[in-house]
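Heads up: the structure comes next, in structure tokens.
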Amino acid sequence: MKKTVIAALSAALLAFSFAGCSKGASGKKEIRVFNIKVEIDSQLKDFAKAYEAKTGVHVEVESSGGGADNQGILKGYKASDNMPDIFVFEGPGHFAVWQNDMEVLDGEDWSKDTAAAYTDGGHVYGFPYAVEGYGMAYNADLLAKAGVDPASLTTFEGYKAAFEALNAKKAELGINSVVSLTAGVAAGMTWVTGTHNFGVYLSAGAPKGDQTIINDALNGKVDAARLADFADYVKLLMDYSDQNILLTGNYDQQLQAFTDQKAVFLHQGNWVDPSIAAAGAKFKMAFAPHAFLKGKTIDGIQVGAPSWWAVYKHGNVAEAKKFLSAFALSDEGRDARINKMSCISPYSSDTLKPSTPLSASVADYVSRGKTYPWEQFKMPDGFCQDTLGPVYELLAQKKINTKQFAKMVTDAVATVPSKR
């Protein structure tokens, strides 16, 4: 009870302090940015400082993520009349919640330079800051030491054979587990399982432009055979994971197992590149596909805009627009996004490519056309994390088997039409 009261008081004080900033109590021009990519927090703040030095506009960056309930935080800000001038949304589910609070961004110079802007009804609402990709990140040095060819990781059978071979050489390789994966609800990691992992089911292996799987899901239906293969793949990842990290580990612990070379595979995306660099990891790494189908090849990874920035239409709209334009089109913005944050640019005028290994791996898949779209954010707001995430945890806890997992997912998806 005491912790709850203290947390509530702390939240109230934080909201009050930010409210003062956003209203410009000092008389300075300023805006507030709500960022959910904690991996780019320091780099974004550095850009904000440089922007202030150049323009005189103070930019307050507030970063949240790694398991936080970001939508809950934003809804709390809205309720207390404390919305940031620039905030994040993650696709149609969130867009439906926030559309009436968004400034229309038609005609902005950056919108003419990208195909990744979020649009609805012919209008631009979302500013894309990056294109991201995710698969199974792997330690190429450990795979080579174990005699495992990453090119074999394009089917369920290929993964099973590789995991068995690596597990048999745990002592020789100096690893604690083959996979680093988290599934804990209390640790706030359902965005890894319920959101990104389920996104694999929704698009991986589908023909280009074929949206049958996601459209079926939005209409409450699943492909039973596909889901059965997917359930077996999820169980395979869990069986070869460090069980402590799987059940109770947080984001930092999951990542550290990989950077310390105590796990060969990491279930994350290229957004971890800045953290990997900060940890001083020097081994070779790249992405393999989430190849969950049996007897059928999946040779691409999930690539898309992870989220978009929106401008709060009741905030400092003019300065927010100027900030976004500078972030997208200025030399300082390009350097921050691509060189400092290791982002893959969504802007056609950008020629710089990220040098960090996982982002470079994503760029390679993109250049070869080996990508599948992010469809998970088309699901209703909260469905993937709040409804599916706990089902993943039950499988991790061995409280249900794969058939029960598939049944629970099927039943959950059947409720989607009523949530839209």
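The chains in the structure tokens are called A, B, ... from first to last as shown; in each chain the residues are counted from 1, and the ligands are counted from 1 in the order shown.
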For region 334-337 of chain A, list every protein, DNA or RNA residue within 12 Å, evaluated using only C-alpha atoms, and leave out those in the same chain fewer than 2 positions away; present the list as a ChimeraX atom specification.
/A:40-51,128-131,271,274,324-332,339-354
Enumerate as an NGL selection string all residues of region 160-315 of chain A assigned to strand (DSSP E or B) by DSSP on the backbone, naming them with the chain letters and numbers the document uses.
:A and (177-180 or 241 or 263-266 or 269 or 285-288 or 301-304 or 308-312)
Please provide the set of residues having any atom within 8 Å of Asn35 (chain A), restricted to only C-alpha atoms, with same-chain residues fewer than 5 positions apart removed, written as number ranges by chain.
A: 41, 61-64, 87-88
Those same residues, written as a CSV table (one decimal), in the first residue's frame with all heavy atoms?
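Final file, again.csv:
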chain,number,residue,atom,x,y,z
A,41,ASP,N,17.6,7.3,-26.4
A,41,ASP,CA,17.3,8.4,-25.5
A,41,ASP,C,18.4,9.4,-25.5
A,41,ASP,O,18.2,10.6,-25.6
A,41,ASP,CB,17.1,7.9,-24.1
A,41,ASP,CG,16.9,9.0,-23.0
A,41,ASP,OD1,15.9,9.7,-23.1
A,41,ASP,OD2,17.9,9.1,-22.2
A,61,VAL,N,12.9,16.1,-23.8
A,61,VAL,CA,12.7,14.7,-24.3
A,61,VAL,C,12.4,13.8,-23.1
A,61,VAL,O,13.2,13.8,-22.1
A,61,VAL,CB,13.9,14.2,-25.0
A,61,VAL,CG1,13.8,12.7,-25.4
A,61,VAL,CG2,14.2,15.0,-26.3
A,62,GLU,N,11.3,13.1,-23.2
A,62,GLU,CA,10.9,12.2,-22.1
A,62,GLU,C,10.8,10.8,-22.7
A,62,GLU,O,10.1,10.6,-23.7
A,62,GLU,CB,9.5,12.6,-21.6
A,62,GLU,CG,9.0,11.6,-20.5
A,62,GLU,CD,7.6,11.9,-20.1
A,62,GLU,OE1,7.0,12.9,-20.5
A,62,GLU,OE2,7.0,11.0,-19.3
A,63,SER,N,11.7,9.9,-22.3
A,63,SER,CA,11.8,8.6,-22.9
A,63,SER,C,11.2,7.5,-21.9
A,63,SER,O,11.4,7.6,-20.7
A,63,SER,CB,13.2,8.2,-23.2
A,63,SER,OG,13.7,9.0,-24.2
A,64,SER,N,10.4,6.6,-22.5
A,64,SER,CA,9.8,5.6,-21.8
A,64,SER,C,9.8,4.3,-22.6
A,64,SER,O,9.7,4.4,-23.9
A,64,SER,CB,8.3,5.9,-21.5
A,64,SER,OG,7.6,4.9,-20.9
A,87,PHE,N,4.0,13.0,-29.7
A,87,PHE,CA,3.8,11.8,-29.0
A,87,PHE,C,3.8,10.6,-30.0
A,87,PHE,O,3.8,10.8,-31.2
A,87,PHE,CB,2.6,11.8,-28.1
A,87,PHE,CG,1.3,11.9,-28.9
A,87,PHE,CD1,0.5,10.7,-29.2
A,87,PHE,CD2,0.8,13.1,-29.3
A,87,PHE,CE1,-0.6,10.8,-29.9
A,87,PHE,CE2,-0.4,13.2,-30.0
A,87,PHE,CZ,-1.1,12.1,-30.3
A,88,VAL,N,3.9,9.4,-29.5
A,88,VAL,CA,4.1,8.2,-30.3
A,88,VAL,C,2.8,7.4,-30.4
A,88,VAL,O,2.0,7.3,-29.4
A,88,VAL,CB,5.2,7.3,-29.7
A,88,VAL,CG1,5.3,6.0,-30.5
A,88,VAL,CG2,6.5,8.1,-29.7
What lies within 10 Å of Gln376 (chain A) using only C-alpha atoms, ignoring chain neighbours under 2 positions off, as a PDB file with C-alpha atoms, in the first residue's frame?
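Once everything was written out, this is out_9.pdb:
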ATOM      1  CA  GLU A  90       2.036   2.320 -33.114  1.00  0.00           C
ATOM      2  CA  GLY A  91      -0.427   1.692 -35.911  1.00  0.00           C
ATOM      3  CA  PRO A  92      -4.183   1.533 -36.561  1.00  0.00           C
ATOM      4  CA  GLY A  93      -5.119   0.371 -33.080  1.00  0.00           C
ATOM      5  CA  GLY A 194       2.301 -10.932 -27.760  1.00  0.00           C
ATOM      6  CA  THR A 195       3.208  -8.133 -30.155  1.00  0.00           C
ATOM      7  CA  HIS A 196       6.404  -8.797 -32.118  1.00  0.00           C
ATOM      8  CA  ASN A 197       6.409 -12.576 -31.954  1.00  0.00           C
ATOM      9  CA  PHE A 198       2.748 -12.823 -32.924  1.00  0.00           C
ATOM     10  CA  GLY A 199       3.518 -10.436 -35.772  1.00  0.00           C
ATOM     11  CA  VAL A 200       5.535 -13.290 -37.282  1.00  0.00           C
ATOM     12  CA  TYR A 201       2.405 -15.452 -37.479  1.00  0.00           C
ATOM     13  CA  LEU A 202       0.565 -12.601 -39.197  1.00  0.00           C
ATOM     14  CA  SER A 203       2.908 -12.177 -42.170  1.00  0.00           C
ATOM     15  CA  ILE A 214      -4.087 -10.392 -41.123  1.00  0.00           C
ATOM     16  CA  PRO A 373       5.371  -6.386 -43.291  1.00  0.00           C
ATOM     17  CA  TRP A 374       4.603  -5.501 -39.702  1.00  0.00           C
ATOM     18  CA  LYS A 378      -3.339  -3.454 -37.124  1.00  0.00           C
ATOM     19  CA  MET A 379      -4.818  -5.482 -34.292  1.00  0.00           C
ATOM     20  CA  PRO A 380      -7.059  -3.638 -31.779  1.00  0.00           C
ATOM     21  CA  PHE A 383      -4.991  -6.927 -27.908  1.00  0.00           C
ATOM     22  CA  CYS A 384      -1.531  -8.328 -28.616  1.00  0.00           C
TER      23      CYS A 384
END
Atomic distance CA of Asp252 (chain A) - CA of Asp69 (chain A), expressed in Å with one decimal
16.6 Å
Expected answer as a ChimeraX atom specification: alpha helix (DSSP H) residues in region 77-175 of chain A
/A:77-79,92-98,140-146,156-168,170-173
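For the atom pair formed by CA of Met285 (chain A) and CA of Val272 (chain A), the distance is 12.1 Å, given to one decimal.
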Please identify every residue of region 229-288 of chain A that has at least one atom no farther than 12 Å from an atom of region 217-224 of chain A, counting only C-alpha atoms, and for each give the shortest atom pair and the distance in Å to one decimal, arranged by chain then increasing number, as CSV.
residue,atom,partner,partner_atom,distance
A:Asp229,CA,A:Ala224,CA,8.8
A:Phe230,CA,A:Ala224,CA,9.7
A:Ala231,CA,A:Ala224,CA,10.3
Export, as a compact mmCIF listing (two decimals), in the first residue's frame, the selected residues with N, CA and C atoms.
# COMPACT_ATOMS: atom_id res chain seq x y z
N ASP A 229 1.89 -24.97 -36.43
CA ASP A 229 3.33 -24.87 -36.67
C ASP A 229 3.93 -23.74 -35.83
N PHE A 230 3.22 -22.63 -35.77
CA PHE A 230 3.71 -21.47 -35.04
C PHE A 230 3.83 -21.79 -33.55
N ALA A 231 2.85 -22.47 -32.99
CA ALA A 231 2.88 -22.83 -31.58
C ALA A 231 4.08 -23.71 -31.27
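Every protein, DNA or RNA residue with an atom at most 12 Å from Ala162 (chain A), where only C-alpha atoms count and chain neighbours fewer than 5 positions away do not, is listed here: Tyr138, Leu142, Leu143, Ala144, Ala146, Gly147, Val148, Asp149, Pro150, Ala151, Ser152, Leu153, Thr154, Thr155, Phe156, Glu157, Asn167, Ala168, Lys169, Val178, Val179, Leu236, Leu237, Tyr240, Val264 and Phe265 of chain A.
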Generate the output file for the selected residues, N, CA, C and O atoms, as a short mmCIF file (atom, residue, chain, number, x, y, z; two decimals), in the first residue's frame.
data_model
loop_
_atom_site.label_atom_id
_atom_site.label_comp_id
_atom_site.auth_asym_id
_atom_site.auth_seq_id
_atom_site.Cartn_x
_atom_site.Cartn_y
_atom_site.Cartn_z
N TYR A 138 21.60 -13.44 -34.20
CA TYR A 138 22.48 -14.55 -33.82
C TYR A 138 23.94 -14.11 -33.74
O TYR A 138 24.37 -13.16 -34.41
N LEU A 142 29.76 -17.78 -32.57
CA LEU A 142 29.39 -19.01 -31.84
C LEU A 142 28.78 -20.05 -32.78
O LEU A 142 29.02 -21.25 -32.61
N LEU A 143 28.01 -19.60 -33.76
CA LEU A 143 27.46 -20.55 -34.73
C LEU A 143 28.60 -21.24 -35.49
O LEU A 143 28.58 -22.46 -35.68
N ALA A 144 29.58 -20.46 -35.90
CA ALA A 144 30.71 -21.03 -36.64
C ALA A 144 31.48 -22.02 -35.77
O ALA A 144 31.90 -23.09 -36.24
N ALA A 146 30.33 -23.83 -33.46
CA ALA A 146 29.53 -25.05 -33.28
C ALA A 146 29.26 -25.77 -34.59
O ALA A 146 28.64 -26.83 -34.61
N GLY A 147 29.71 -25.21 -35.71
CA GLY A 147 29.51 -25.84 -37.01
C GLY A 147 28.10 -25.71 -37.54
O GLY A 147 27.64 -26.55 -38.32
N VAL A 148 27.41 -24.64 -37.13
CA VAL A 148 26.03 -24.41 -37.59
C VAL A 148 26.05 -23.32 -38.67
O VAL A 148 26.56 -22.22 -38.44
N ASP A 149 25.47 -23.63 -39.82
CA ASP A 149 25.40 -22.67 -40.92
C ASP A 149 24.13 -21.84 -40.77
O ASP A 149 23.03 -22.38 -40.79
N PRO A 150 24.26 -20.51 -40.63
CA PRO A 150 23.04 -19.69 -40.48
C PRO A 150 22.10 -19.79 -41.67
O PRO A 150 20.90 -19.53 -41.54
N ALA A 151 22.62 -20.18 -42.82
CA ALA A 151 21.77 -20.33 -44.01
C ALA A 151 20.77 -21.47 -43.84
O ALA A 151 19.79 -21.56 -44.59
N SER A 152 20.99 -22.34 -42.86
CA SER A 152 20.07 -23.45 -42.61
C SER A 152 18.84 -23.02 -41.82
O SER A 152 17.89 -23.80 -41.65
N LEU A 153 18.84 -21.79 -41.33
CA LEU A 153 17.78 -21.33 -40.44
C LEU A 153 16.63 -20.70 -41.22
O LEU A 153 16.26 -19.54 -41.03
N THR A 154 16.04 -21.49 -42.09
CA THR A 154 14.91 -21.01 -42.90
C THR A 154 13.68 -21.90 -42.78
O THR A 154 12.68 -21.67 -43.46
N THR A 155 13.74 -22.90 -41.91
CA THR A 155 12.60 -23.79 -41.65
C THR A 155 12.58 -24.15 -40.17
O THR A 155 13.59 -24.01 -39.47
N PHE A 156 11.47 -24.67 -39.71
CA PHE A 156 11.39 -25.17 -38.34
C PHE A 156 12.42 -26.27 -38.12
O PHE A 156 13.11 -26.29 -37.09
N GLU A 157 12.54 -27.15 -39.08
CA GLU A 157 13.48 -28.27 -38.95
C GLU A 157 14.91 -27.77 -38.84
O GLU A 157 15.72 -28.33 -38.09
N ASN A 167 22.95 -26.77 -28.10
CA ASN A 167 22.69 -27.17 -26.72
C ASN A 167 23.65 -28.27 -26.28
O ASN A 167 24.07 -28.32 -25.10
N ALA A 168 24.02 -29.13 -27.21
CA ALA A 168 24.95 -30.22 -26.89
C ALA A 168 26.36 -29.71 -26.62
O ALA A 168 27.18 -30.43 -26.03
N LYS A 169 26.63 -28.47 -27.05
CA LYS A 169 27.98 -27.91 -26.89
C LYS A 169 27.98 -26.70 -25.96
O LYS A 169 28.86 -25.83 -26.07
N VAL A 178 20.70 -21.44 -25.39
CA VAL A 178 20.78 -21.21 -26.84
C VAL A 178 20.10 -19.90 -27.19
O VAL A 178 20.59 -19.12 -28.02
N VAL A 179 18.96 -19.63 -26.53
CA VAL A 179 18.12 -18.47 -26.87
C VAL A 179 17.98 -17.55 -25.67
O VAL A 179 17.96 -18.00 -24.52
N LEU A 236 9.57 -24.23 -29.05
CA LEU A 236 10.99 -24.52 -29.28
C LEU A 236 11.86 -23.40 -28.74
O LEU A 236 12.87 -23.65 -28.07
N LEU A 237 11.50 -22.15 -29.03
CA LEU A 237 12.27 -21.02 -28.51
C LEU A 237 12.29 -21.02 -26.99
O LEU A 237 13.34 -20.78 -26.37
N TYR A 240 14.54 -23.80 -25.27
CA TYR A 240 15.99 -23.60 -25.34
C TYR A 240 16.42 -22.24 -24.79
O TYR A 240 17.53 -21.79 -25.03
N VAL A 264 23.16 -17.63 -27.68
CA VAL A 264 23.55 -17.53 -29.10
C VAL A 264 22.55 -16.68 -29.88
O VAL A 264 22.93 -15.95 -30.80
N PHE A 265 21.26 -16.77 -29.52
CA PHE A 265 20.20 -16.06 -30.24
C PHE A 265 19.50 -15.07 -29.31
O PHE A 265 19.35 -15.32 -28.11
#
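Here CA of Gly249 (chain A) stands at a distance of 26.8 Å from CA of Ala204 (chain A).
Among the candidates A:Ile31, A:Val391, A:Val124, A:Leu181, the one nearest to Gln99 (chain A) when counting only C-alpha atoms is A:Val124.
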Using only C-alpha atoms: which of A:Tyr118, A:Pro306, A:Asn139, A:Phe323 has the shortest distance to Thr55 (chain A)
A:Phe323
